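Participant: Here you go, my_file39.cif (mmCIF, C-alpha atoms):
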data_my_file
#
loop_
_atom_site.label_atom_id
_atom_site.label_comp_id
_atom_site.auth_asym_id
_atom_site.auth_seq_id
_atom_site.Cartn_x
_atom_site.Cartn_y
_atom_site.Cartn_z
CA MET Z 1 86.50 127.54 92.75
CA ALA Z 2 89.11 124.86 92.89
CA LYS Z 3 92.55 125.31 91.48
CA ILE Z 4 94.86 123.08 89.52
CA SER Z 5 98.60 123.24 89.70
CA PHE Z 6 100.19 123.93 86.34
CA ASP Z 7 103.83 123.50 85.28
CA LEU Z 8 105.19 124.64 81.96
CA VAL Z 9 108.69 123.30 81.48
CA SER Z 10 111.16 123.74 78.65
CA PRO Z 11 114.46 121.84 78.50
CA GLU Z 12 116.30 124.92 79.67
CA ASN Z 13 114.11 125.95 82.57
CA LEU Z 14 110.86 125.98 84.43
CA ILE Z 15 108.75 128.68 82.82
CA PHE Z 16 105.51 128.66 84.71
CA ASN Z 17 104.60 127.06 88.00
CA ASP Z 18 101.50 128.12 89.87
CA ASP Z 19 97.97 127.17 90.81
CA VAL Z 20 95.54 128.30 88.15
CA GLY Z 21 91.86 128.04 87.30
CA MET Z 22 92.07 126.55 83.84
CA ILE Z 23 94.49 125.78 81.03
CA ILE Z 24 93.92 125.22 77.34
CA ILE Z 25 96.60 123.16 75.63
CA PRO Z 26 97.00 122.24 71.96
CA GLY Z 27 96.69 118.46 71.95
CA LYS Z 28 97.66 116.57 68.84
CA ASP Z 29 94.05 115.75 67.99
CA GLY Z 30 92.56 119.00 69.18
CA ASP Z 31 92.65 121.53 71.96
CA LEU Z 32 92.19 120.35 75.50
CA GLY Z 33 90.65 122.46 78.21
CA VAL Z 34 91.95 121.38 81.58
CA LEU Z 35 89.97 122.17 84.71
CA PRO Z 36 90.70 121.00 88.24
CA GLY Z 37 89.68 117.39 88.60
CA HIS Z 38 90.39 116.50 84.99
CA SER Z 39 90.75 112.79 84.29
CA LYS Z 40 94.20 111.37 83.77
CA VAL Z 41 95.44 112.01 80.27
CA MET Z 42 98.77 111.91 78.56
CA SER Z 43 98.88 113.72 75.28
CA SER Z 44 101.43 114.86 72.78
CA LEU Z 45 101.12 118.40 71.52
CA ARG Z 46 101.05 120.13 68.18
CA PRO Z 47 102.52 123.61 67.70
CA GLY Z 48 100.08 126.09 69.16
CA ARG Z 49 98.95 128.21 72.05
CA VAL Z 50 98.96 127.28 75.68
CA MET Z 51 96.53 129.56 77.47
CA VAL Z 52 96.52 129.98 81.21
CA TYR Z 53 93.47 131.32 83.03
CA GLY Z 54 92.92 132.49 86.56
CA GLU Z 55 90.16 131.37 88.87
CA ASP Z 56 87.53 133.68 87.44
CA LYS Z 57 88.45 132.71 83.86
CA ASN Z 58 90.51 135.77 83.13
CA LEU Z 59 93.40 135.16 80.79
CA LEU Z 60 96.65 135.27 82.76
CA LYS Z 61 99.23 134.31 80.19
CA SER Z 62 99.49 132.79 76.78
CA PHE Z 63 102.47 130.92 75.42
CA PHE Z 64 103.45 129.43 72.13
CA VAL Z 65 104.88 125.91 72.25
CA SER Z 66 106.45 124.26 69.24
CA ALA Z 67 105.93 120.67 70.33
CA GLY Z 68 105.91 118.59 73.45
CA PHE Z 69 103.83 116.55 75.84
CA ALA Z 70 101.27 117.10 78.51
CA GLU Z 71 100.52 115.00 81.51
CA ILE Z 72 97.26 115.70 83.25
CA ASN Z 73 95.85 114.33 86.45
CA PRO Z 74 93.13 115.69 88.75
CA GLU Z 75 95.48 117.87 90.77
CA LYS Z 76 98.22 118.69 88.34
CA CYS Z 77 98.93 119.51 84.74
CA ILE Z 78 102.48 119.34 83.39
CA VAL Z 79 103.43 120.55 79.95
CA LEU Z 80 106.85 119.57 78.67
CA ALA Z 81 107.49 121.80 75.70
CA GLU Z 82 110.29 121.68 73.18
CA SER Z 83 110.55 125.46 73.04
CA VAL Z 84 108.37 128.11 74.59
CA ASP Z 85 107.75 131.74 73.67
CA GLU Z 86 105.42 134.10 75.35
CA ILE Z 87 102.91 135.20 72.71
CA ASN Z 88 103.41 138.87 73.51
CA ASN Z 89 107.10 138.54 72.75
CA LEU Z 90 106.61 137.17 69.26
CA ASP Z 91 107.28 139.57 66.43
CA LYS Z 92 105.04 139.02 63.44
CA ASN Z 93 107.28 140.71 60.88
CA LYS Z 94 110.27 138.74 61.98
CA ILE Z 95 108.40 135.46 61.67
CA LYS Z 96 107.09 136.38 58.23
CA LYS Z 97 110.62 137.05 57.08
CA GLU Z 98 111.66 133.74 58.53
CA ILE Z 99 108.86 132.00 56.63
CA GLN Z 100 110.01 133.53 53.35
CA GLU Z 101 113.54 132.34 53.93
CA LEU Z 102 112.36 128.89 54.89
CA GLN Z 103 110.18 128.58 51.81
CA ASN Z 104 113.26 128.83 49.64
CA GLN Z 105 114.94 125.93 51.35
CA ASP Z 106 114.08 122.35 50.72
CA THR Z 107 115.37 120.27 53.58
CA GLU Z 108 113.55 118.12 56.07
CA ASP Z 109 114.63 120.48 58.81
CA SER Z 110 113.38 123.64 57.15
CA LYS Z 111 110.01 122.05 56.44
CA GLN Z 112 109.62 121.36 60.12
CA GLN Z 113 110.57 124.89 60.98
CA LEU Z 114 108.15 126.21 58.40
CA ILE Z 115 105.29 124.34 60.03
CA ILE Z 116 106.23 125.84 63.37
CA ALA Z 117 106.62 129.34 61.96
CA ASN Z 118 103.23 129.13 60.26
CA ALA Z 119 101.71 127.97 63.50
CA LYS Z 120 103.26 130.98 65.20
CA VAL Z 121 101.54 133.34 62.77
CA ASP Z 122 98.26 131.51 63.29
CA ALA Z 123 98.70 131.81 67.03
CA LEU Z 124 99.28 135.55 66.72
CA ASN Z 125 96.28 136.05 64.46
CA SER Z 126 93.79 133.98 66.34
CA SER Z 127 91.90 135.64 69.13
CA PHE Z 128 89.53 132.89 70.19
CA TYR Z 129 89.83 131.62 73.74
CA GLU Z 130 90.90 135.07 74.79
CA LYS Z 131 87.58 135.63 76.50
CA ILE Z 132 85.65 132.69 77.80
CA MET V 1 174.84 129.29 94.94
CA PRO V 2 172.35 131.15 92.72
CA SER V 3 172.84 134.85 92.45
CA LEU V 4 170.36 137.30 93.93
CA LYS V 5 169.18 138.26 90.49
CA ASP V 6 168.34 134.66 89.60
CA ILE V 7 166.19 134.27 92.68
CA LYS V 8 164.49 137.58 92.05
CA THR V 9 163.53 136.52 88.49
CA GLN V 10 162.22 133.26 89.82
CA ILE V 11 160.10 135.02 92.41
CA ASN V 12 158.71 137.37 89.82
CA SER V 13 157.72 134.54 87.52
CA VAL V 14 155.97 132.67 90.31
CA VAL V 15 154.18 135.87 91.33
CA SER V 16 152.80 136.32 87.84
CA THR V 17 151.79 132.67 87.68
CA LYS V 18 149.94 133.15 90.91
CA LYS V 19 148.13 136.13 89.47
CA ILE V 20 146.99 134.06 86.52
CA THR V 21 145.80 131.14 88.62
CA THR V 22 143.92 133.46 90.97
CA ALA V 23 142.16 135.08 88.03
CA MET V 24 141.32 131.70 86.53
CA LYS V 25 139.92 130.57 89.82
CA MET V 26 137.64 133.57 90.00
CA VAL V 27 136.45 133.09 86.44
CA ALA V 28 135.81 129.41 87.07
CA ALA V 29 133.89 130.22 90.23
CA SER V 30 131.53 132.58 88.47
CA LYS V 31 131.11 130.23 85.53
CA LEU V 32 130.44 127.42 87.94
CA ARG V 33 127.63 129.35 89.52
CA ARG V 34 126.04 129.99 86.16
CA SER V 35 126.30 126.45 84.90
CA GLN V 36 125.09 125.13 88.20
CA GLU V 37 122.01 127.28 87.88
CA LYS V 38 121.48 125.90 84.41
CA ALA V 39 121.83 122.34 85.56
CA VAL V 40 119.30 122.99 88.28
CA ALA V 41 116.93 124.70 85.85
CA ALA V 42 117.06 121.73 83.51
CA ARG V 43 116.27 119.28 86.25
CA PRO V 44 112.45 119.65 86.36
CA TYR V 45 112.12 118.78 82.69
CA SER V 46 114.24 115.68 82.79
CA SER V 47 112.76 114.39 86.01
CA ARG V 48 109.21 114.86 84.73
CA LEU V 49 110.09 113.26 81.44
CA GLU V 50 111.48 110.31 83.33
CA GLU V 51 108.28 110.04 85.34
CA MET V 52 106.18 110.02 82.21
CA LEU V 53 108.41 107.53 80.54
CA SER V 54 108.50 105.13 83.42
CA SER V 55 104.72 104.98 83.53
CA LEU V 56 104.68 104.34 79.79
CA ALA V 57 107.61 102.00 79.55
CA SER V 58 106.09 99.27 81.65
CA SER V 59 103.28 98.83 79.17
CA ALA V 60 105.43 98.89 76.05
CA ALA V 61 105.74 95.76 74.00
CA SER V 62 108.77 95.00 71.91
CA GLY V 63 108.57 96.06 68.32
CA GLU V 64 110.24 97.63 65.36
CA GLY V 65 111.27 101.21 64.72
CA ILE V 66 111.67 103.83 67.36
CA ILE V 67 110.59 101.54 70.14
CA LYS V 68 113.99 99.90 69.77
CA LEU V 69 115.39 102.78 71.81
CA LEU V 70 113.59 101.23 74.72
CA THR V 71 113.80 97.53 74.05
CA GLY V 72 117.18 97.31 72.35
CA THR V 73 118.08 95.54 69.16
CA GLY V 74 118.15 92.17 70.85
CA ASN V 75 121.86 91.95 70.22
CA ASP V 76 124.79 92.66 72.44
CA LYS V 77 127.65 92.70 69.98
CA SER V 78 128.70 96.24 69.27
CA TYR V 79 128.96 99.14 71.63
CA MET V 80 129.10 102.86 71.19
CA VAL V 81 131.03 104.58 73.93
CA VAL V 82 130.64 108.32 74.34
CA PRO V 83 133.22 109.91 76.62
CA ILE V 84 132.33 113.46 77.58
CA SER V 85 135.23 115.70 78.51
CA ALA V 86 135.96 119.40 78.53
CA ASP V 87 137.33 121.40 75.63
CA ARG V 88 140.07 122.91 77.74
CA GLY V 89 142.64 121.70 80.15
CA LEU V 90 143.96 123.10 83.42
CA CYS V 91 141.22 121.53 85.42
CA GLY V 92 143.01 118.91 87.46
CA GLY V 93 142.16 115.29 86.82
CA PHE V 94 138.86 116.12 85.17
CA ASN V 95 139.73 115.12 81.61
CA SER V 96 142.28 112.45 82.30
CA SER V 97 139.96 110.53 84.60
CA ILE V 98 137.34 110.43 81.84
CA ASN V 99 139.90 109.24 79.35
CA ARG V 100 141.32 106.63 81.68
CA GLU V 101 137.89 105.29 82.60
CA THR V 102 136.78 105.15 78.98
CA PHE V 103 139.98 103.46 77.95
CA LYS V 104 139.51 100.83 80.62
CA LEU V 105 135.88 100.30 79.61
CA VAL V 106 136.78 99.90 75.95
CA LYS V 107 139.52 97.41 76.75
CA SER V 108 137.29 95.32 78.97
CA LEU V 109 134.50 95.30 76.38
CA GLU V 110 136.97 94.27 73.72
CA LYS V 111 138.21 91.50 75.93
CA ASP V 112 134.67 90.15 76.02
CA GLY V 113 134.73 90.08 72.25
CA LYS V 114 132.54 93.12 71.63
CA LYS V 115 133.04 95.59 68.86
CA VAL V 116 133.55 99.06 70.28
CA GLN V 117 133.16 102.40 68.57
CA LEU V 118 133.84 105.81 70.01
CA MET V 119 132.19 109.15 69.73
CA PRO V 120 134.14 111.57 71.91
CA VAL V 121 132.59 114.84 72.98
CA GLY V 122 135.03 117.55 73.95
CA LYS V 123 138.46 118.41 72.60
CA LYS V 124 140.44 116.72 75.35
CA SER V 125 138.95 113.28 74.93
CA ARG V 126 138.95 113.57 71.15
CA ASP V 127 142.64 114.38 71.11
CA PHE V 128 143.38 111.54 73.48
CA PHE V 129 141.50 108.92 71.50
CA ILE V 130 142.86 110.12 68.20
CA ARG V 131 146.24 109.20 69.63
CA VAL V 132 145.37 105.80 71.05
CA MET V 133 142.52 104.33 69.00
CA LYS V 134 142.03 106.48 65.98
CA ASP V 135 140.22 104.02 63.74
CA GLN V 136 137.45 103.41 66.25
CA ILE V 137 136.28 107.00 66.27
CA ILE V 138 133.09 107.40 64.28
CA GLU V 139 132.45 111.05 64.93
CA SER V 140 133.49 113.66 67.41
CA PHE V 141 131.98 116.82 68.77
CA ILE V 142 134.04 119.74 69.97
CA ASP V 143 133.30 123.34 70.89
CA LEU V 144 129.71 122.62 71.71
CA ASN V 145 129.52 126.00 73.39
CA LEU V 146 126.96 124.87 75.87
CA SER V 147 126.61 128.18 77.62
CA ASN V 148 125.17 129.87 74.55
CA THR V 149 123.38 127.29 72.47
CA GLY V 150 122.13 125.06 75.25
CA TYR V 151 119.70 122.42 74.14
CA GLU V 152 120.56 122.75 70.45
CA SER V 153 124.03 121.36 70.98
CA ALA V 154 122.66 118.37 72.82
CA LEU V 155 120.36 117.77 69.87
CA GLN V 156 123.32 117.56 67.49
CA VAL V 157 124.86 114.78 69.50
CA SER V 158 121.57 113.01 70.05
CA ASN V 159 120.51 113.13 66.39
CA LYS V 160 123.80 111.72 65.26
CA LEU V 161 123.60 108.93 67.79
CA GLN V 162 120.08 108.02 66.80
CA ASP V 163 120.90 108.06 63.09
CA LEU V 164 123.73 105.65 63.72
CA TYR V 165 121.57 103.50 65.95
CA PHE V 166 118.79 103.12 63.43
CA ASP V 167 121.35 102.35 60.75
CA GLY V 168 122.24 99.39 62.93
CA LYS V 169 125.76 100.63 63.63
CA PHE V 170 125.66 99.67 67.30
CA ASP V 171 123.49 97.84 69.84
CA LYS V 172 124.24 99.65 73.03
CA CYS V 173 125.37 103.11 73.89
CA ILE V 174 127.21 104.05 77.05
CA LEU V 175 128.01 107.55 78.20
CA VAL V 176 131.06 108.18 80.34
CA PHE V 177 130.96 111.53 82.06
CA ASN V 178 131.80 113.41 85.22
CA LYS V 179 128.82 113.59 87.49
CA PHE V 180 128.63 116.83 89.39
CA LYS V 181 128.55 115.98 93.07
CA SER V 182 129.59 119.23 94.62
CA ALA V 183 131.68 122.21 93.65
CA ILE V 184 134.85 120.36 94.53
CA SER V 185 134.09 116.77 93.69
CA GLN V 186 133.08 114.99 90.53
CA GLU V 187 132.45 111.35 90.04
CA VAL V 188 133.17 109.50 86.83
CA THR V 189 129.93 107.81 85.92
CA GLN V 190 128.85 105.39 83.24
CA GLN V 191 125.31 105.55 82.03
CA GLN V 192 123.64 103.31 79.53
CA LEU V 193 121.71 105.52 77.15
CA ILE V 194 120.46 103.09 74.54
CA PRO V 195 118.53 100.92 75.17
CA LEU V 196 116.98 102.85 77.98
CA ASP V 197 117.64 101.48 81.42
CA VAL V 198 114.07 101.41 82.68
CA SER V 199 114.80 99.76 85.98
CA ASP V 200 116.80 102.81 86.88
CA THR V 201 114.22 105.41 85.93
CA SER V 202 111.25 103.69 87.45
CA LYS V 203 113.04 103.42 90.75
CA GLU V 204 113.15 107.15 91.31
CA GLY V 205 109.48 107.89 91.04
CA LYS V 206 108.19 104.60 92.28
CA GLU V 207 105.82 105.61 95.04
CA ASP V 208 103.45 107.76 93.07
CA ASN V 209 103.87 105.87 89.84
CA ASN V 210 102.77 102.48 91.00
CA ALA V 211 99.37 103.79 91.85
CA ALA V 212 99.06 106.01 88.82
CA LYS V 213 100.34 103.64 86.20
CA ALA V 214 97.47 101.97 84.50
CA ILE V 215 94.74 104.54 84.46
CA TYR V 216 96.01 107.15 82.04
CA ASP V 217 94.17 108.00 78.87
CA TYR V 218 96.48 108.48 75.96
CA GLU V 219 96.03 110.92 73.19
CA PRO V 220 96.45 110.15 70.29
CA ASP V 221 97.54 106.73 71.59
CA GLU V 222 100.21 105.10 73.66
CA GLU V 223 102.42 104.08 70.81
CA THR V 224 102.50 107.49 69.15
CA ILE V 225 103.36 109.18 72.41
CA LEU V 226 106.09 106.68 73.10
CA LYS V 227 107.47 107.26 69.64
CA ASP V 228 107.71 110.97 70.34
CA LEU V 229 108.88 110.58 73.87
CA LEU V 230 111.75 108.15 73.39
CA PRO V 231 113.94 110.17 71.02
CA LYS V 232 113.28 113.20 73.16
CA ASN V 233 114.38 111.33 76.22
CA VAL V 234 117.70 110.51 74.56
CA SER V 235 118.28 114.18 73.79
CA ILE V 236 117.29 115.26 77.24
CA GLN V 237 119.54 112.72 78.88
CA ILE V 238 122.44 113.93 76.79
CA PHE V 239 121.57 117.52 77.59
CA LYS V 240 121.49 116.76 81.28
CA VAL V 241 124.80 114.95 81.13
CA LEU V 242 126.40 117.78 79.17
CA LEU V 243 125.24 120.30 81.74
CA GLU V 244 126.51 118.18 84.60
CA SER V 245 129.84 117.77 82.90
CA ASP V 246 130.03 121.50 82.23
CA ALA V 247 129.35 122.36 85.84
CA GLY V 248 131.83 119.69 86.90
CA GLU V 249 134.48 121.14 84.63
CA HIS V 250 134.23 124.55 86.22
CA GLY V 251 134.20 123.03 89.66
CA ALA V 252 137.29 120.99 88.91
CA ARG V 253 139.05 123.98 87.41
CA MET V 254 138.20 126.08 90.43
CA ALA V 255 139.63 123.46 92.79
CA ALA V 256 142.73 122.97 90.65
CA MET V 257 143.38 126.68 90.43
CA ASP V 258 142.82 127.11 94.14
CA ASN V 259 145.48 124.49 94.74
CA ALA V 260 147.82 126.10 92.25
CA THR V 261 147.37 129.49 93.88
CA ARG V 262 148.16 128.05 97.26
CA ASN V 263 151.22 126.24 95.96
CA ALA V 264 152.44 129.39 94.28
CA GLY V 265 152.03 131.24 97.57
CA GLU V 266 154.10 128.66 99.39
CA MET V 267 156.74 128.76 96.71
CA ILE V 268 156.94 132.54 96.90
CA ASP V 269 157.39 132.35 100.66
CA GLY V 270 160.16 129.79 100.29
CA LEU V 271 161.90 131.76 97.59
CA THR V 272 161.67 135.02 99.50
CA LEU V 273 163.26 133.35 102.49
CA LYS V 274 166.01 132.01 100.28
CA TYR V 275 166.45 135.44 98.72
CA ASN V 276 166.85 137.12 102.10
CA ARG V 277 169.25 134.49 103.36
CA THR V 278 171.40 134.79 100.28
CA ARG V 279 171.41 138.55 100.59
CA GLN V 280 172.47 138.28 104.20
CA ALA V 281 175.16 135.77 103.35
CA PHE V 282 176.57 138.16 100.77
CA ILE V 283 176.66 141.03 103.24
CA THR V 284 178.33 138.89 105.89
CA LYS V 285 180.86 137.68 103.37
CA GLU V 286 181.70 141.23 102.32
CA LEU V 287 182.04 142.33 105.92
CA ILE V 288 184.40 139.47 106.66
CA GLU V 289 186.45 140.41 103.62
CA ILE V 290 186.66 144.04 104.70
CA ILE V 291 187.51 143.21 108.28
CA SER V 292 190.13 140.64 107.40
CA GLY V 293 191.55 143.08 104.83
CA ALA V 294 191.81 145.80 107.47
CA GLU V 295 193.40 143.39 109.93
CA SER V 296 196.14 142.34 107.54
CA ILE V 297 197.33 145.89 106.99
#
What does the file become when written as structure tokens?
Facilitator:
Amino acid sequence: MAKISFDLVSPENLIFNDDVGMIIIPGKDGDLGVLPGHSKVMSSLRPGRVMVYGEDKNLLKSFFVSAGFAEINPEKCIVLAESVDEINNLDKNKIKKEIQELQNQDTEDSKQQLIIANAKVDALNSSFYEKI
Amino acid sequence: MPSLKDIKTQINSVVSTKKITTAMKMVAASKLRRSQEKAVAARPYSSRLEEMLSSLASSAASGEGIIKLLTGTGNDKSYMVVPISADRGLCGGFNSSINRETFKLVKSLEKDGKKVQLMPVGKKSRDFFIRVMKDQIIESFIDLNLSNTGYESALQVSNKLQDLYFDGKFDKCILVFNKFKSAISQEVTQQQLIPLDVSDTSKEGKEDNNAAKAIYDYEPDEETILKDLLPKNVSIQIFKVLLESDAGEHGARMAAMDNATRNAGEMIDGLTLKYNRTRQAFITKELIEIISGAESI
């Protein structure tokens, strides 16, 4: 099966760069599954999971991105993310505490962070896409 | 003629200065390596963002709101100049060249009848401009602590700039910073940040972009993406510039300290020679005194 080159980049560094079988990214209007030979798309992202699969559709890695953009063409998929966490490194209790703190604040900034934190919990709880 | 003790004290003080400059050089060298790595690590993001933007920018029409970051306000009256210096000194001409260049730029803009405002980043340029043109400073950023906070600190600067821009406080924004060329050389560079200089960005990725330009699908749509992308680009550009300047600072400090160490070494050699000569002269003088004393008896 063909492969597609996938880059996951955060402002601080290059996080993932390899040829993979498939990627699922959280587009603003819905999740996008990217296979080799995908048509050219530029999309902005909502907070959610970026899932990376190997050639035989086994899950290689999953990341959480808070926002960003994706550029897709038949050979390459680039995700520019605002901030990236590996899902396995997220700590549910810590995030829940964070949510409680954020709920008590009432600024524009904290509302944004709350949305992201809630999305993190959703990402941790959801198990779909794990086997395809 | 100075006494032996005077020379000895002088030597000792130069020796301890040399120790300090050597240590500072080592510290700067290791910091340089780290910040260089960071600058390199940040490069993929900014270059890819530029690629995306250049394929979008060509299709953008002029309009209101965020798109003004790309198209400009249509005016050319007031400027925001952002000099980026270090927080600390002892790094050769690093800070003063930024200050001098900015000062020149401000004067020449003023001569053309433009209104100029300043937003210095870094203690050294802030202190300088507080002295020379205090009432033009809108805001200043010091102790950004780039090595720990990274992108967050660039966001502070970028958000402030964009707030001011959308309040109509200025039409154009120019960054003045030290571009990191190599470990020993930096180049003072001016970069127009707002409105975005598209001709510059599209040049870099021209080959593959010309072919790829028109056929992208946009999700949700072109305008929304552009609206997200443009403010981000401003932050990323600032981030990149801050990293470059940080690496440049350490490079400049390393070179300056290397020079200082060498000079101290030379000075010690000279002083030691002088010390030995003086000592010898004293001995000779005493001998002559003894001999002539013995002769006269």
Participant: Check which residues of chain Z sit at most 7 Å from chain V using all atoms listed in the file, and return one row each with the closest pair of atoms and their distance in Å to one decimal, ordered by chain and rising number, as a Markdown table.
Facilitator:
| residue | atom | partner | partner_atom | distance |
| --- | --- | --- | --- | --- |
| Z:Val9 | CA | V:Tyr45 | CA | 5.8 |
| Z:Ser10 | CA | V:Tyr45 | CA | 6.5 |
| Z:Pro11 | CA | V:Ala42 | CA | 5.6 |
| Z:Glu12 | CA | V:Ala42 | CA | 5.0 |
| Z:Asn13 | CA | V:Ala41 | CA | 4.5 |
| Z:Leu14 | CA | V:Ala41 | CA | 6.4 |
| Z:Lys28 | CA | V:Pro220 | CA | 6.7 |
| Z:Asp29 | CA | V:Pro220 | CA | 6.5 |
| Z:Lys40 | CA | V:Tyr216 | CA | 4.9 |
| Z:Val41 | CA | V:Asp217 | CA | 4.4 |
| Z:Met42 | CA | V:Tyr218 | CA | 4.9 |
| Z:Ser43 | CA | V:Glu219 | CA | 4.5 |
| Z:Ser44 | CA | V:Ile225 | CA | 6.0 |
| Z:Leu80 | CA | V:Tyr45 | CA | 6.7 |
Participant: Selected residues, C-alpha atoms, written as an mmCIF file, in the frame of the given file, please.
Facilitator:
data_model
loop_
_atom_site.group_PDB
_atom_site.id
_atom_site.type_symbol
_atom_site.label_atom_id
_atom_site.label_comp_id
_atom_site.auth_asym_id
_atom_site.auth_seq_id
_atom_site.Cartn_x
_atom_site.Cartn_y
_atom_site.Cartn_z
ATOM 1 C CA VAL Z 9 108.690 123.300 81.480
ATOM 2 C CA SER Z 10 111.160 123.740 78.650
ATOM 3 C CA PRO Z 11 114.460 121.840 78.500
ATOM 4 C CA GLU Z 12 116.300 124.920 79.670
ATOM 5 C CA ASN Z 13 114.110 125.950 82.570
ATOM 6 C CA LEU Z 14 110.860 125.980 84.430
ATOM 7 C CA LYS Z 28 97.660 116.570 68.840
ATOM 8 C CA ASP Z 29 94.050 115.750 67.990
ATOM 9 C CA LYS Z 40 94.200 111.370 83.770
ATOM 10 C CA VAL Z 41 95.440 112.010 80.270
ATOM 11 C CA MET Z 42 98.770 111.910 78.560
ATOM 12 C CA SER Z 43 98.880 113.720 75.280
ATOM 13 C CA SER Z 44 101.430 114.860 72.780
ATOM 14 C CA LEU Z 80 106.850 119.570 78.670
#
Participant: Which residues, protein or nucleic acid, reach to within 12 Å of (108.2, 133.4, 76.0) in the file's coordinates when using all atoms listed in the file, and can you give that as a ChimeraX atom specification?
Facilitator: /Z:8-10,13-16,49-50,61-66,81,83-91
Participant: Take CA of Lys181 (chain V) and CA of Phe129 (chain V) and report the distance between them in Å, one decimal.
Facilitator: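 Taking CA of Lys181 (chain V) and CA of Phe129 (chain V), their separation equals 26.1 Å.
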Participant: Would you compute the distance between CA of Glu98 (chain Z) and CA of Ala67 (chain Z)? Give it in Å to one decimal.
Facilitator: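 Between these atoms lies a distance of 18.5 Å.
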Participant: Could you check which of Z:Gly21, Z:Ser5, Z:Val34, Z:Ala119 is closest to Lys92 (chain Z), using all atoms listed in the file?
Facilitator: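 Of all the options, Z:Ala119 lies closest to Lys92 (chain Z).
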Participant: One decimal, Å: what's the distance from CA of Ala123 (chain Z) over to CA of Val79 (chain Z), could you say?
Facilitator: 17.8 Å
Participant: Please evaluate the PyMOL selection byres ((chain Z and resi 74) around 12) against the displayed coordinates and give the resulting residues as a ChimeraX atom specification.
Facilitator: /Z:2-6,22,34-41,71-73,75-78 /V:212,216
Participant: Go through V:Ala252, V:Ser158, V:Met133, V:Gln192 and flag the residue nearest Asn178 (chain V), using only C-alpha atoms for the distances.
Facilitator: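 Checking each candidate against Asn178 (chain V), we get V:Ala252 as the closest.
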Participant: Could you tell me which residues the PyMOL selection byres ((chain V and resi 142) around 9) returns for this structure, as JSON, numbers by chain?
Facilitator: {"V": [86, 87, 120, 121, 122, 123, 124, 126, 140, 141, 143, 144, 145]}
Participant: Please save C-alpha atoms of the selected residues as a PDB file, in the frame of the given file.
Facilitator:
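What landed in result-v3.pdb:
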ATOM      1  CA  ALA V  86     135.960 119.400  78.530  1.00  0.00           C
ATOM      2  CA  ASP V  87     137.330 121.400  75.630  1.00  0.00           C
ATOM      3  CA  PRO V 120     134.140 111.570  71.910  1.00  0.00           C
ATOM      4  CA  VAL V 121     132.590 114.840  72.980  1.00  0.00           C
ATOM      5  CA  GLY V 122     135.030 117.550  73.950  1.00  0.00           C
ATOM      6  CA  LYS V 123     138.460 118.410  72.600  1.00  0.00           C
ATOM      7  CA  LYS V 124     140.440 116.720  75.350  1.00  0.00           C
ATOM      8  CA  ARG V 126     138.950 113.570  71.150  1.00  0.00           C
ATOM      9  CA  SER V 140     133.490 113.660  67.410  1.00  0.00           C
ATOM     10  CA  PHE V 141     131.980 116.820  68.770  1.00  0.00           C
ATOM     11  CA  ASP V 143     133.300 123.340  70.890  1.00  0.00           C
ATOM     12  CA  LEU V 144     129.710 122.620  71.710  1.00  0.00           C
ATOM     13  CA  ASN V 145     129.520 126.000  73.390  1.00  0.00           C
TER      14      ASN V 145
END
Participant: Go ahead and find all residues with at least one atom no further than 12 Å from (159.2, 131.8, 98.2) in the file's coordinates, using all atoms listed in the file; report them as a list in words.
Facilitator: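 Those within range, by chain then number, are Ile7, Lys8, Thr9, Gln10, Ile11, Asn12, Ser13, Val14, Val15, Lys18, Arg262, Asn263, Ala264, Gly265, Glu266, Met267, Ile268, Asp269, Gly270, Leu271, Thr272, Leu273, Lys274, Tyr275, Asn276 and Arg277 of chain V.
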Participant: Write out as a list of chain:residue names the residues lying within 12 Å of Lys160 (chain V), counting all atoms listed in the file and excluding same-chain residues fewer than 3 positions away.
Facilitator: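 Result of the neighbour search: V:Met80, V:Val82, V:Met119, V:Ile138, V:Glu139, V:Ser140, V:Phe141, V:Ser153, V:Ala154, V:Leu155, V:Gln156, V:Val157, V:Asp163, V:Leu164, V:Tyr165, V:Phe166, V:Asp167, V:Lys169, V:Pro231, V:Val234, V:Ser235, V:Ile238.
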Participant: Given the file shown, enumerate the residues that the PyMOL selection byres ((chain V and resi 34) around 12) captures and present them as a list in words.
Facilitator: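 Written out, the selection comes to Val27, Ala28, Ala29, Ser30, Lys31, Leu32, Arg33, Ser35, Gln36, Glu37, Lys38, Ala39, Val40, Ala41, Leu146, Ser147, Asn148, Leu243, Glu244, Asp246, Ala247, Gly248, His250 and Gly251 of chain V.
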Participant: Compare Z:Lys94, Z:Asp56, Z:Ile99, Z:Glu82 by their minimum atom-to-atom distance to Asn118 (chain Z), counting all atoms listed in the file, and give me the closest one.
Facilitator: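 Closest candidate: Z:Ile99.
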Participant: Within 10 Å of Thr278 (chain V), counting all atoms listed in the file, which residues show up once you throw out same-chain ones fewer than 6 positions away? Write them as a list in words, please.
Facilitator: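 In the requested form, the answer reads Met1, Pro2, Ser3, Leu4, Ile7, Thr272 and Thr284 of chain V.
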Participant: Go ahead and write the residues just picked, C-alpha atoms, as a short mmCIF file (atom, residue, chain, number, x, y, z; two decimals), in the frame of the given file.
Facilitator:
data_model
loop_
_atom_site.label_atom_id
_atom_site.label_comp_id
_atom_site.auth_asym_id
_atom_site.auth_seq_id
_atom_site.Cartn_x
_atom_site.Cartn_y
_atom_site.Cartn_z
CA MET V 1 174.84 129.29 94.94
CA PRO V 2 172.35 131.15 92.72
CA SER V 3 172.84 134.85 92.45
CA LEU V 4 170.36 137.30 93.93
CA ILE V 7 166.19 134.27 92.68
CA THR V 272 161.67 135.02 99.50
CA THR V 284 178.33 138.89 105.89
#
